[in-house]
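Undergrad: As input, take my_file02.csv (CSV, C-alpha atoms):
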```
chain,number,residue,atom,x,y,z
A,1,MET,CA,-22.6,150.9,63.9
A,2,PRO,CA,-23.9,148.5,66.6
A,3,ALA,CA,-25.2,145.1,65.4
A,4,ILE,CA,-28.9,144.8,64.6
A,5,SER,CA,-30.8,141.9,66.2
A,6,VAL,CA,-33.3,139.6,64.5
A,7,GLY,CA,-36.0,141.1,66.7
A,8,ILE,CA,-35.2,144.6,65.3
A,9,VAL,CA,-35.4,143.2,61.8
A,10,SER,CA,-38.9,141.8,62.5
A,11,LEU,CA,-39.9,145.3,63.8
A,12,VAL,CA,-38.6,146.8,60.6
A,13,LEU,CA,-40.9,144.5,58.7
A,14,ALA,CA,-43.8,145.9,60.7
A,15,TYR,CA,-42.6,149.4,59.9
A,16,VAL,CA,-42.5,148.5,56.2
A,17,LEU,CA,-46.2,147.6,56.5
A,18,SER,CA,-46.8,150.9,58.4
A,19,GLN,CA,-45.2,152.9,55.6
A,20,PHE,CA,-47.2,151.0,53.0
A,21,TYR,CA,-50.6,151.5,54.7
A,22,ARG,CA,-50.1,155.3,55.1
A,23,ALA,CA,-49.2,155.8,51.5
A,24,PHE,CA,-51.0,153.2,49.3
A,25,LEU,CA,-54.3,155.2,48.8
A,26,ALA,CA,-52.5,157.5,46.3
A,27,VAL,CA,-52.2,154.6,43.9
A,28,LEU,CA,-55.8,153.2,44.6
A,29,THR,CA,-57.4,156.6,44.0
A,30,PRO,CA,-58.6,155.9,40.4
A,31,VAL,CA,-60.0,152.3,41.0
A,32,LEU,CA,-61.7,153.2,44.3
A,33,GLY,CA,-63.3,156.2,42.6
A,34,VAL,CA,-64.7,153.9,39.9
A,35,GLU,CA,-65.8,150.9,42.0
A,36,LEU,CA,-66.8,152.5,45.3
A,37,GLY,CA,-67.5,156.1,44.3
A,38,ALA,CA,-64.8,157.4,46.6
A,39,ARG,CA,-63.8,160.9,45.7
A,40,PRO,CA,-60.5,162.6,46.6
A,41,GLY,CA,-62.2,164.2,49.5
A,42,ASP,CA,-63.4,160.8,50.8
A,43,LEU,CA,-59.9,159.4,50.5
A,44,ALA,CA,-58.5,162.5,52.3
A,45,LEU,CA,-60.8,161.6,55.2
A,46,SER,CA,-59.8,158.0,55.1
A,47,SER,CA,-56.1,158.8,55.1
A,48,GLY,CA,-56.6,161.4,57.8
A,49,LEU,CA,-58.4,158.8,60.0
A,50,TRP,CA,-55.3,156.5,59.6
A,51,PHE,CA,-53.1,159.3,61.0
A,52,ALA,CA,-55.6,160.4,63.6
A,53,ALA,CA,-56.0,156.8,65.0
A,54,PHE,CA,-52.2,156.3,64.8
A,55,ALA,CA,-51.6,159.5,66.7
A,56,LEU,CA,-54.3,158.9,69.4
A,57,MET,CA,-52.7,155.5,70.1
A,58,GLN,CA,-49.3,156.9,70.9
A,59,ILE,CA,-50.0,157.7,74.5
A,60,PRO,CA,-51.4,154.2,75.4
A,61,VAL,CA,-48.6,152.7,73.3
A,62,GLY,CA,-46.0,154.6,75.4
A,63,ARG,CA,-47.5,153.2,78.6
A,64,MET,CA,-47.6,149.7,77.1
A,65,LEU,CA,-44.0,149.9,76.0
A,66,ASP,CA,-43.0,150.8,79.5
A,67,ARG,CA,-45.2,148.2,81.2
A,68,ILE,CA,-45.3,145.1,79.0
A,69,GLY,CA,-42.5,145.8,76.6
A,70,PRO,CA,-42.3,146.2,72.8
A,71,ARG,CA,-42.7,142.5,71.9
A,72,LEU,CA,-46.4,142.1,73.0
A,73,THR,CA,-47.3,145.8,72.4
A,74,VAL,CA,-46.4,145.5,68.7
A,75,ALA,CA,-47.5,141.9,68.1
A,76,LEU,CA,-51.0,142.3,69.6
A,77,LEU,CA,-51.9,145.6,68.0
A,78,LEU,CA,-50.4,144.9,64.6
A,79,GLY,CA,-51.9,141.4,64.3
A,80,GLY,CA,-55.3,142.3,65.8
A,81,ALA,CA,-56.2,145.8,64.6
A,82,GLY,CA,-53.9,145.8,61.6
A,83,GLY,CA,-55.1,142.4,60.3
A,84,ALA,CA,-58.7,143.4,60.8
A,85,GLY,CA,-58.3,146.7,59.0
A,86,ALA,CA,-56.8,145.0,55.9
A,87,ALA,CA,-59.7,142.5,55.9
A,88,VAL,CA,-62.3,145.3,56.1
A,89,PHE,CA,-60.6,147.2,53.3
A,90,ALA,CA,-60.6,144.1,51.1
A,91,LEU,CA,-64.4,143.6,51.7
A,92,ALA,CA,-65.3,147.4,51.4
A,93,GLN,CA,-68.5,148.2,49.5
A,94,ALA,CA,-68.7,152.0,50.3
A,95,PRO,CA,-66.4,154.9,51.2
A,96,TRP,CA,-67.3,154.6,54.9
A,97,HIS,CA,-65.9,151.1,55.0
A,98,LEU,CA,-62.6,152.6,53.9
A,99,HIS,CA,-62.8,155.0,56.8
A,100,LEU,CA,-63.2,152.2,59.2
A,101,ALA,CA,-60.5,150.1,57.6
A,102,MET,CA,-58.0,152.9,57.7
A,103,ALA,CA,-58.7,153.7,61.3
A,104,LEU,CA,-58.1,150.1,62.3
A,105,LEU,CA,-54.9,150.0,60.2
A,106,GLY,CA,-53.7,153.2,62.0
A,107,VAL,CA,-54.2,151.5,65.4
A,108,GLY,CA,-52.4,148.4,64.2
A,109,CYS,CA,-49.4,150.4,62.9
A,110,ALA,CA,-49.1,152.7,65.8
A,111,PRO,CA,-46.4,150.8,67.8
A,112,ALA,CA,-44.4,149.5,64.8
A,113,LEU,CA,-41.6,152.2,64.7
A,114,MET,CA,-41.8,153.0,68.4
A,115,GLY,CA,-41.1,149.4,69.4
A,116,SER,CA,-37.7,149.5,67.6
A,117,TYR,CA,-37.0,153.1,68.8
A,118,TYR,CA,-37.7,152.0,72.4
A,119,ILE,CA,-35.2,149.2,72.1
A,120,ILE,CA,-32.4,151.2,70.5
A,121,ALA,CA,-33.0,154.1,73.0
A,122,ARG,CA,-32.7,151.7,75.9
A,123,GLU,CA,-30.0,149.3,74.7
A,124,TYR,CA,-27.7,151.3,72.4
A,125,PRO,CA,-25.5,154.3,73.0
A,126,ALA,CA,-27.3,157.7,72.8
A,127,ALA,CA,-25.0,159.0,70.1
A,128,ALA,CA,-26.0,156.0,67.9
A,129,PHE,CA,-29.7,156.8,68.0
A,130,GLY,CA,-29.9,159.1,65.0
A,131,GLY,CA,-28.0,156.9,62.7
A,132,MET,CA,-29.8,153.7,63.7
A,133,ALA,CA,-33.2,155.5,63.6
A,134,GLY,CA,-32.4,156.7,60.1
A,135,MET,CA,-31.4,153.1,59.0
A,136,ILE,CA,-34.6,151.7,60.4
A,137,VAL,CA,-36.8,154.3,58.8
A,138,GLY,CA,-34.8,154.0,55.5
A,139,PHE,CA,-35.3,150.2,55.3
A,140,GLY,CA,-38.9,150.5,56.6
A,141,SER,CA,-39.6,153.1,53.9
A,142,LEU,CA,-39.5,150.2,51.4
A,143,GLY,CA,-43.2,150.2,52.2
A,144,ASN,CA,-43.4,153.4,50.2
A,145,ILE,CA,-42.0,151.5,47.3
A,146,LEU,CA,-44.4,148.6,47.7
A,147,GLY,CA,-47.2,151.2,47.7
A,148,ALA,CA,-46.2,152.6,44.3
A,149,THR,CA,-45.5,150.6,41.1
A,150,PRO,CA,-45.4,147.2,42.7
A,151,LEU,CA,-48.9,147.8,44.0
A,152,VAL,CA,-50.0,148.8,40.6
A,153,TRP,CA,-48.6,145.5,39.2
A,154,ALA,CA,-50.3,143.5,42.0
A,155,ILE,CA,-53.7,145.2,41.3
A,156,GLU,CA,-53.4,144.5,37.6
A,157,ALA,CA,-52.6,140.8,38.2
A,158,LEU,CA,-54.8,140.0,41.2
A,159,GLY,CA,-57.3,142.8,41.6
A,160,TRP,CA,-57.3,145.3,44.5
A,161,ARG,CA,-59.4,143.1,46.8
A,162,ALA,CA,-57.2,140.0,46.5
A,163,THR,CA,-54.2,142.2,47.0
A,164,MET,CA,-55.5,143.7,50.2
A,165,ALA,CA,-56.5,140.3,51.5
A,166,GLY,CA,-53.0,139.0,50.9
A,167,LEU,CA,-51.6,142.0,52.7
A,168,GLY,CA,-53.8,141.2,55.7
A,169,VAL,CA,-52.3,137.7,55.8
A,170,ALA,CA,-48.8,139.2,55.6
A,171,THR,CA,-49.7,141.6,58.5
A,172,VAL,CA,-50.7,138.8,60.8
A,173,ALA,CA,-47.6,136.8,59.8
A,174,VAL,CA,-45.3,139.7,60.7
A,175,ALA,CA,-47.1,140.0,64.1
A,176,VAL,CA,-46.5,136.4,64.8
A,177,LEU,CA,-42.8,136.8,63.8
A,178,ILE,CA,-42.4,139.7,66.2
A,179,ALA,CA,-44.0,137.7,69.1
A,180,GLY,CA,-41.4,135.0,68.5
A,181,THR,CA,-38.2,137.0,67.9
A,182,VAL,CA,-38.3,140.3,69.8
A,183,ARG,CA,-36.5,140.5,73.2
A,184,ASP,CA,-37.7,143.2,75.5
A,185,PRO,CA,-35.1,145.4,77.2
A,186,ALA,CA,-34.4,144.7,80.8
A,187,ARG,CA,-36.8,146.5,83.1
A,188,LEU,CA,-35.5,149.6,84.9
A,189,GLY,CA,-34.5,149.1,88.6
A,190,ALA,CA,-36.8,149.9,91.5
A,191,ASP,CA,-34.7,153.0,92.2
A,192,GLN,CA,-35.8,154.6,88.8
A,193,PRO,CA,-38.7,157.1,89.0
A,194,GLN,CA,-42.0,156.3,87.4
A,195,GLY,CA,-42.3,158.4,84.3
A,196,SER,CA,-45.4,160.4,83.3
A,197,LEU,CA,-46.5,162.5,80.3
A,198,ALA,CA,-46.6,165.5,82.6
A,199,GLU,CA,-42.9,165.0,83.3
A,200,VAL,CA,-42.2,164.9,79.6
A,201,LEU,CA,-44.1,168.2,79.1
A,202,ARG,CA,-42.0,169.9,81.8
A,203,ILE,CA,-38.8,169.4,79.7
A,204,ARG,CA,-38.3,173.0,78.5
A,205,ALA,CA,-35.9,172.0,75.7
A,206,LEU,CA,-38.8,170.3,73.9
A,207,TRP,CA,-41.2,173.2,73.9
A,208,PHE,CA,-40.0,174.9,70.7
A,209,ILE,CA,-39.2,171.7,68.9
A,210,LEU,CA,-42.9,170.6,69.1
A,211,PRO,CA,-44.3,173.0,66.6
A,212,LEU,CA,-41.9,171.8,63.9
A,213,PHE,CA,-42.7,168.2,64.9
A,214,PHE,CA,-46.3,169.0,64.3
A,215,VAL,CA,-45.8,170.3,60.7
A,216,ASN,CA,-42.5,168.8,59.4
A,217,TYR,CA,-43.8,165.4,58.3
A,218,ALA,CA,-47.2,166.8,57.2
A,219,ALA,CA,-45.9,168.1,53.9
A,220,SER,CA,-44.1,165.0,52.7
A,221,GLY,CA,-46.5,162.5,54.4
A,222,ALA,CA,-49.7,164.1,53.1
A,223,ILE,CA,-48.5,164.8,49.6
A,224,ARG,CA,-46.9,161.4,49.1
A,225,GLY,CA,-49.8,159.5,50.7
A,226,LEU,CA,-52.8,161.5,49.4
A,227,TRP,CA,-52.3,164.5,47.1
A,228,ALA,CA,-49.6,163.4,44.7
A,229,ALA,CA,-52.0,161.3,42.7
A,230,PRO,CA,-54.8,163.9,42.3
A,231,TYR,CA,-52.2,166.5,41.5
A,232,LEU,CA,-50.6,164.4,38.7
A,233,GLU,CA,-54.0,163.3,37.5
A,234,ARG,CA,-55.7,166.7,37.3
A,235,VAL,CA,-52.8,168.9,36.3
A,236,PHE,CA,-50.9,166.6,34.0
A,237,GLU,CA,-53.7,164.0,33.1
A,238,ALA,CA,-51.4,161.1,34.4
A,239,ASP,CA,-52.8,157.6,34.4
A,240,ALA,CA,-52.4,155.0,37.1
A,241,VAL,CA,-49.1,153.6,35.7
A,242,LEU,CA,-47.5,157.1,35.5
A,243,ILE,CA,-48.8,157.9,39.0
A,244,GLY,CA,-47.2,154.7,40.3
A,245,ARG,CA,-43.9,155.6,38.7
A,246,ALA,CA,-44.0,159.1,40.1
A,247,THR,CA,-44.9,158.0,43.6
A,248,LEU,CA,-42.1,155.4,43.3
A,249,ALA,CA,-39.6,158.1,42.7
A,250,MET,CA,-40.9,160.0,45.7
A,251,GLY,CA,-40.7,156.9,47.8
A,252,LEU,CA,-37.1,156.2,46.7
A,253,ALA,CA,-36.2,159.8,47.6
A,254,MET,CA,-37.7,159.3,51.0
A,255,ILE,CA,-35.6,156.2,51.6
A,256,ALA,CA,-32.4,157.9,50.3
A,257,GLY,CA,-33.0,160.9,52.7
A,258,ASN,CA,-33.2,158.6,55.7
A,259,PHE,CA,-29.9,156.9,54.8
A,260,LEU,CA,-28.3,160.3,54.4
A,261,VAL,CA,-29.2,161.4,57.9
A,262,ALA,CA,-26.1,160.1,59.7
A,263,PRO,CA,-23.6,161.3,57.2
A,264,ALA,CA,-25.4,164.7,56.9
A,265,VAL,CA,-25.1,165.2,60.6
A,266,ARG,CA,-21.4,164.3,60.6
A,267,LEU,CA,-20.8,166.6,57.6
A,268,VAL,CA,-22.6,169.6,59.1
A,269,GLY,CA,-21.4,169.0,62.6
A,270,SER,CA,-24.7,169.7,64.4
A,271,LEU,CA,-28.0,167.8,64.6
A,272,ARG,CA,-29.9,171.1,65.0
A,273,ARG,CA,-28.3,172.8,61.9
A,274,THR,CA,-28.9,169.7,59.8
A,275,VAL,CA,-32.7,169.9,60.7
A,276,LEU,CA,-32.6,173.5,59.7
A,277,ILE,CA,-31.0,172.6,56.3
A,278,PHE,CA,-33.5,169.8,55.6
A,279,THR,CA,-36.5,171.9,56.5
A,280,GLY,CA,-35.2,174.9,54.6
A,281,CYS,CA,-35.0,172.8,51.5
A,282,THR,CA,-38.6,171.7,51.9
A,283,LEU,CA,-39.7,175.3,52.3
A,284,ALA,CA,-37.9,176.2,49.1
A,285,VAL,CA,-39.5,173.4,47.0
A,286,MET,CA,-42.9,174.0,48.4
A,287,GLY,CA,-42.6,177.7,47.7
A,288,PHE,CA,-41.6,177.0,44.1
A,289,LEU,CA,-44.7,174.8,43.7
A,290,VAL,CA,-46.9,177.6,45.1
A,291,MET,CA,-45.5,180.0,42.6
A,292,ASN,CA,-45.4,177.6,39.7
A,293,PRO,CA,-47.8,174.6,40.2
A,294,ASP,CA,-47.6,173.5,36.5
A,295,PRO,CA,-43.8,173.3,35.8
A,296,GLY,CA,-44.2,170.4,33.5
A,297,LEU,CA,-44.6,166.7,34.3
A,298,ALA,CA,-40.9,165.8,34.6
A,299,ALA,CA,-40.1,168.8,36.8
A,300,ALA,CA,-43.2,168.1,38.9
A,301,VAL,CA,-42.0,164.6,39.6
A,302,VAL,CA,-38.5,165.9,40.5
A,303,LEU,CA,-40.0,168.4,42.9
A,304,LEU,CA,-42.2,165.8,44.6
A,305,ALA,CA,-39.1,163.6,45.0
A,306,LEU,CA,-37.3,166.5,46.6
A,307,ILE,CA,-40.2,166.9,49.1
A,308,GLY,CA,-39.8,163.2,49.9
A,309,LEU,CA,-36.0,163.5,50.3
A,310,SER,CA,-36.4,166.4,52.8
A,311,GLY,CA,-39.0,164.4,54.7
A,312,ALA,CA,-36.1,162.7,56.5
A,313,GLY,CA,-36.1,165.7,58.8
A,314,TYR,CA,-38.5,163.6,60.9
A,315,VAL,CA,-35.7,161.2,62.0
A,316,LEU,CA,-33.5,164.2,62.8
A,317,LEU,CA,-36.1,165.8,64.9
A,318,MET,CA,-36.8,162.5,66.7
A,319,ALA,CA,-33.0,162.1,67.5
A,320,HIS,CA,-33.0,165.7,68.7
A,321,GLY,CA,-36.0,165.2,71.0
A,322,ARG,CA,-34.8,161.8,72.3
A,323,SER,CA,-31.5,163.5,73.4
A,324,PHE,CA,-33.4,165.4,76.1
A,325,LEU,CA,-35.2,162.3,77.5
A,326,PRO,CA,-33.9,160.4,80.5
A,327,ASP,CA,-34.2,156.6,80.4
A,328,HIS,CA,-37.4,156.3,82.5
A,329,LEU,CA,-39.2,158.7,80.0
A,330,VAL,CA,-38.1,157.0,76.8
A,331,GLY,CA,-41.3,155.1,76.2
A,332,ARG,CA,-43.7,157.9,76.9
A,333,GLY,CA,-41.3,160.5,75.5
A,334,VAL,CA,-40.7,159.1,72.0
A,335,THR,CA,-44.3,158.1,71.6
A,336,PHE,CA,-45.5,161.5,72.6
A,337,LEU,CA,-43.1,163.1,70.0
A,338,ASN,CA,-44.4,160.7,67.4
A,339,MET,CA,-48.0,161.5,68.4
A,340,ILE,CA,-47.3,165.2,67.7
A,341,SER,CA,-45.7,164.4,64.4
A,342,ILE,CA,-48.3,161.9,63.1
A,343,GLY,CA,-51.1,163.9,64.6
A,344,GLY,CA,-49.9,166.9,62.6
A,345,VAL,CA,-50.2,164.9,59.4
A,346,GLY,CA,-53.7,163.8,60.3
A,347,VAL,CA,-54.9,167.3,61.2
A,348,MET,CA,-53.4,168.8,58.1
A,349,GLN,CA,-54.9,166.1,55.9
A,350,PHE,CA,-58.4,166.6,57.5
A,351,ALA,CA,-58.0,170.4,57.0
A,352,SER,CA,-56.6,170.1,53.5
A,353,ARG,CA,-59.8,168.5,52.3
A,354,PRO,CA,-62.1,171.6,52.6
A,355,VAL,CA,-59.2,173.8,51.5
A,356,PHE,CA,-58.8,171.9,48.2
A,357,GLN,CA,-62.5,171.5,47.7
A,358,ALA,CA,-63.0,175.3,48.0
A,359,ALA,CA,-60.0,176.0,45.7
A,360,ALA,CA,-61.1,173.4,43.1
A,361,ALA,CA,-64.5,175.0,42.9
A,362,ALA,CA,-63.1,178.5,42.3
A,363,TYR,CA,-59.9,177.9,40.2
A,364,ALA,CA,-58.4,175.7,37.5
A,365,PRO,CA,-56.5,172.7,38.8
A,366,PRO,CA,-53.0,174.3,38.8
A,367,GLN,CA,-54.1,177.2,40.8
A,368,ALA,CA,-56.2,175.0,43.2
A,369,PHE,CA,-53.1,172.9,43.9
A,370,ALA,CA,-51.0,176.0,44.4
A,371,MET,CA,-53.3,177.0,47.2
A,372,LEU,CA,-53.1,173.4,48.6
A,373,PHE,CA,-49.3,173.6,48.6
A,374,GLY,CA,-49.4,177.0,50.2
A,375,PHE,CA,-51.7,175.5,52.9
A,376,PHE,CA,-48.8,173.1,53.8
A,377,LEU,CA,-46.1,175.8,53.4
A,378,ILE,CA,-47.2,178.4,55.8
A,379,PRO,CA,-47.4,176.2,59.0
A,380,LEU,CA,-44.0,174.7,58.1
A,381,ALA,CA,-42.5,178.2,57.9
A,382,ILE,CA,-43.9,179.0,61.3
A,383,GLY,CA,-42.5,175.8,62.8
A,384,PHE,CA,-39.2,176.4,61.2
A,385,ALA,CA,-38.9,179.9,62.7
A,386,LEU,CA,-39.8,178.7,66.2
A,387,TYR,CA,-37.2,175.8,66.0
A,388,PHE,CA,-34.4,178.4,66.1
A,389,LEU,CA,-35.2,178.7,69.8
A,390,THR,CA,-34.5,175.0,70.5
A,391,PRO,CA,-31.1,174.3,72.1
A,392,GLU,CA,-28.5,171.9,70.6
A,393,ALA,CA,-29.0,168.2,71.2
A,394,ARG,CA,-27.5,166.5,74.2
A,395,ASN,CA,-25.1,163.5,73.8
A,396,ALA,CA,-25.2,163.8,70.0
```
Would you give me this structure, written as structure tokens?
TA:
Amino acid sequence: MPAISVGIVSLVLAYVLSQFYRAFLAVLTPVLGVELGARPGDLALSSGLWFAAFALMQIPVGRMLDRIGPRLTVALLLGGAGGAGAAVFALAQAPWHLHLAMALLGVGCAPALMGSYYIIAREYPAAAFGGMAGMIVGFGSLGNILGATPLVWAIEALGWRATMAGLGVATVAVAVLIAGTVRDPARLGADQPQGSLAEVLRIRALWFILPLFFVNYAASGAIRGLWAAPYLERVFEADAVLIGRATLAMGLAMIAGNFLVAPAVRLVGSLRRTVLIFTGCTLAVMGFLVMNPDPGLAAAVVLLALIGLSGAGYVLLMAHGRSFLPDHLVGRGVTFLNMISIGGVGVMQFASRPVFQAAAAAYAPPQAFAMLFGFFLIPLAIGFALYFLTPEARNA
């Protein structure tokens, strides 16, 4: 495995924050409900706004990566919008303040992973992309861990407002570190064509991978970041400490899955077949939860962890999609693919809100969550079927 630079390490820290900010609302659900009157539907909107802002920023981030490089792109957005979003959250007095804060945090986190992906796509061998991407996501997924039990401890010791203020300071500090340590890849020569999003869209090999990109991360991302806490609270009467432990288990599984990416591909012998295996496992677990939404607390935690484990399919899909991108389209290409993936999470979270509200009004909690799990299952099955039409990866 090629050596990792100090600049990449600083970008991984930014991605740790990105993973934290997309997942921490699950633990804050009880306290925000008591102090701000924020209901699960309000938090679904807030979380969805994070993903929507993150996704909408991917196209401008792609242009910024190609024009000014990852150093300034990540440092400016993370320090400016990310720091401001954490501050607004710490000072929130009403649910709409949370909406604004999460949108700003989404803008700030938008370039964190793409900055490191851009560097490894430009400066490392193509065959190393999947393994390195998995390592970066694996280490960055420590943010999921920080957003579980450690966050509960911090809230109990300092209060949630002081905790968020401290995270805002940490966000700005990481942005400064990135500005001082990241080295931009050499600019492409004048003989290289100027890339465009239209050129990315003309790559036929990407057409049938895009539907799975849209729905693959939505199940693990939305459940870990939003619905795990209400599910455990309403179906099993779990308190904040137990929710923290359960989401910690899910976060650990997500990290393990990302580190398993490279050996899994070597074992299976095909990037495409490995994606099919990971996605098939997610479908099986989700299908079981649809049929049996109240399997007992211990079994529910294990099933949630398995959903987190299979969420590593995102890295595999990114490696597959990157294999079809020429060098001059790397910035726009990987950010476009990321926009589709994260945008899918945002859309599914927005749509999951009325689905759950309608189900909760008509059914007992277990049956309501069965319908919610089915809502995530059906689009995933469609994307899975279409992915069979995607060719094998190039140079992988």
Undergrad: So how many Å separate CA of Met348 in chain A and CA of Gly48 in chain A, to one decimal?
TA: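 Here the two named atoms are 8.1 Å from each other.
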Undergrad: Given all atoms listed in the file as the basis, pick out the residue of A:Thr274, A:Thr247, A:Ser323, A:Asn338 nearest to Ala128 in chain A.
TA: A:Ser323
Undergrad: Just to confirm, what's the straight-line distance from CA of Pro230 in chain A to CA of Asn258 in chain A in Å (one decimal)?
TA: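 Calculated distance between CA of Pro230 in chain A and CA of Asn258 in chain A is 26.0 Å.
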Undergrad: Take CA of Ala148 in chain A and CA of Leu226 in chain A and report the distance between them in Å, one decimal.
TA: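 We find that CA of Ala148 in chain A and CA of Leu226 in chain A lie 12.2 Å from each other.
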Undergrad: Using all atoms listed in the file, which residue out of A:Ile277, A:Ala361, A:Leu386, A:Ile255 lies closest to Pro211 in chain A?
TA: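 Nearest to Pro211 in chain A: A:Leu386.
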Undergrad: When distances are computed from only C-alpha atoms, which of A:Pro263, A:Gly374, A:Pro70, A:Gly85 shows the smallest separation from Val285 in chain A?
TA: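 Closest residue, counting only C-alpha atoms: A:Gly374.
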Undergrad: Using only C-alpha atoms for the distances, tell me which of A:Thr279, A:Ser10, A:Ser196, A:Thr149 is nearest to Ala240 in chain A.
TA: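 Ranked by minimum distance to Ala240 in chain A, first place goes to A:Thr149.
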Undergrad: Have a look at A:Leu17, A:Ile307, A:Leu158, A:Ala84 and name the one nearest to Ser220 in chain A; count only C-alpha atoms.
TA: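 Among A:Leu17, A:Ile307, A:Leu158, A:Ala84, it is A:Ile307 that comes nearest to Ser220 in chain A.
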Undergrad: Can you list, as a list in words, every protein, DNA or RNA residue that comes within 6 Å of Asn144 in chain A when you count all atoms listed in the file, leaving out same-chain residues fewer than 6 positions away?
TA: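 Once the nearby chain positions are removed, what remains is Gln19, Phe20 and Gly251 of chain A.
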Undergrad: Find the residues near range 287-301 of chain A: any atom within 7 Å, counting all atoms listed in the file, skip ones fewer than 2 places away on the same chain, and give them as a list in words.
TA: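 Within the cut-off, the hits are Val235, Phe236, Ala246, Leu283, Ala284, Val285, Leu303, Leu304, Ala305, Pro366, Gln367, Phe369, Ala370, Met371, Phe373, Gly374 and Leu377 of chain A.
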Undergrad: Out of A:Leu104, A:Ile8, A:Ala154, A:Leu113, which residue has the shortest atom-to-atom distance to Gly331 in chain A when counting only C-alpha atoms?
TA: A:Leu113
Undergrad: Hey, what's within 7 Å of range 24-31 of chain A if we count all atoms listed in the file and toss same-chain stuff fewer than 2 positions away? As an NGL selection string, please?
TA: :A and (20-22 or 33-35 or 147-148 or 225-226 or 228-229 or 240 or 243-244)
Undergrad: Distance cut-off 7 Å, centre (-39.9, 166.8, 54.1) in file coordinates, counting all atoms listed in the file: which residues qualify? Return them as a list in words.
TA: Asn216, Tyr217, Ala219, Ser220, Thr279, Thr282, Ile307, Gly308, Leu309, Ser310, Gly311, Ala312 and Gly313 of chain A
Undergrad: Using all atoms listed in the file, which residues sit within 7 Å of range 169-185 of chain A once same-chain residues fewer than 6 positions away are excluded, as number ranges by chain?
TA: A: 6-8, 10-11, 13-14, 69-72, 75, 78-79, 82-83, 119, 122-123
Undergrad: So that I can see what lies close to Thr73 in chain A, please list as a ChimeraX atom specification the residues with an atom at most 8 Å from it, counting only C-alpha atoms and leaving out residues fewer than 5 positions away in the same chain.
TA: /A:61,64-65,68,111,115
